[in-house]
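The structure under discussion appears below in the form of structure tokens.
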Amino acid sequence: MNTEVLDPQMQAETLGASVQQRVTAMIDNLMDRLPSPDLLTSEERRGIIARYSSVLEGNFIYWMTAAYLAVHSDEARPILIENLHEEVRDSHPAMLRRFVIAAKAYPTDTDALAVNAELTAIRLFLGKLQGVQSLATMAFFEGFIQKFMAYLATLAKQQGSRELEYTDVHGVCDIAHSQGLFNAVRLEMALNPISADANLYEGVELLIALIRRIIQGPQPNLEA
Ligand SMILES: [Fe+2]
């Protein structure tokens, strides 16, 4: 079918489906490259949990709020509100902190600074308040978190922890969140389309760089 004859709603549906497909492939690619927990040292496992926590605990609600502020679509907003409501009502930051403390992986200043550059890039990106790109980024994030939970739980168990409420809850409920966010991307595309020269995956690419930094840890000091 020639896309030129499609109305904006149908174009958004078609493009939305291709965004979902591509984002899902990007998540799977990232998951495939995770190092096997068995091949990591205890300190490497601790570092991944600590850097993940350093990014997620204080930023997830902030970033979901930023996406809320960026969207123009009245239909997309309730999807984000529902997400934020659950985060706040069930205090997911408290749940994450319990998980991290039990795994003896509370982040140090070194852990926080290891992800500083990539984290700052995401904050500045979300500050541009671009509806479609922000929603695509959060859809990617939710989808990634859901798939990453089993891996994170394995790291925590190998560190001797049995406190797994955070990974149990997020391995399930975020499936619905992720789908809701892809629907929000479609709704926003129909109302507030991005310009032809914009990169729809700008935030997704920055988030992939941040997640890689969480996994890899600090860049080697070339002067050392
Ligand atoms: Fe959460």
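Here's how to read the names in the structure tokens: chain A, B, ... by the order shown, residue numbers from 1 in each chain, ligand numbers from 1 in the order shown.
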Checklist entry - What residues have any atom no more than 7 Å from ligand 1 when counting only C-alpha atoms and all ligand atoms, and can you list them as a list in words? => result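 These are the residues that qualify: Glu87, His92 and His170 of chain A.
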Item to check | Long-range neighbours of region 111-115 of chain A as a list in words, 9 Å cut-off, only C-alpha atoms, 4 positions minimum in chain | outcome: Gly47, Ile48, Ala50, Arg51, Ser54, Val55, Pro107, Leu119, Thr120, Leu210, Ile211, Arg213, Ile214, Gly217, Pro218 and Gln219 of chain A
Next on the checklist: Using only C-alpha atoms, which protein or nucleic acid residues come within 10 Å of Gly180 (chain A)? Drop anything in the same chain fewer than 2 positions from it, and give the result as number ranges by chain.
Outcome noted: A: 76, 78-80, 82-83, 139, 142, 174-178, 182-185
Checklist entry - Got a sec: who's within 8 Å of Glu57 (chain A), counting only C-alpha atoms, leaving out chain neighbours fewer than 5 positions off, as a PyMOL selection string? => result chain A and resi 93+96-97
Checklist entry - What's the 12 Å shell around region 22-38 of chain A, counting only C-alpha atoms, without same-chain residues fewer than 6 positions away, as a ChimeraX atom specification? => result /A:15-16,44-46,48-49,133,135-159,178-179,181-182,185,200-205,207-216
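Among A:Tyr68, A:Phe99, A:Phe125, A:Tyr106, the residue with the shortest atom-to-atom distance to Asp168 (chain A), counting only C-alpha atoms, is A:Phe99.
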Checklist entry - Which residue, A:Ala66, A:Ser73, A:Ala105, A:Thr110, has the smallest gap to Leu124 (chain A) when you use only C-alpha atoms? => result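 Ranking A:Ala66, A:Ser73, A:Ala105, A:Thr110 by distance to Leu124 (chain A), first place goes to A:Ala66.
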Item to check | Residues of region 2-222 of chain A in helix (DSSP H, G or I), written as an NGL selection string | outcome: :A and (3-5 or 8-32 or 37-39 or 42-70 or 77-89 or 92-102 or 109-114 or 116-127 or 131-158 or 165-191 or 202-216)
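CA of Ala121 (chain A) sits 23.2 Å away from CA of Glu188 (chain A).
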Next on the checklist: So that I can see what lies close to Glu13 (chain A), please list as a list of chain:residue names the residues with an atom at most 9 Å from it, counting only C-alpha atoms and leaving out residues fewer than 5 positions away in the same chain.
Outcome noted: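 After dropping sequence-adjacent residues, the list is A:Pro8, A:Ser18, A:Arg186, A:Leu187, A:Met189, A:Ala190.
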Item to check | Atomic distance CA of Glu43 (chain A) - CA of Ala102 (chain A), expressed in Å with one decimal | outcome: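 Going from CA of Glu43 (chain A) over to CA of Ala102 (chain A), I get 15.1 Å.
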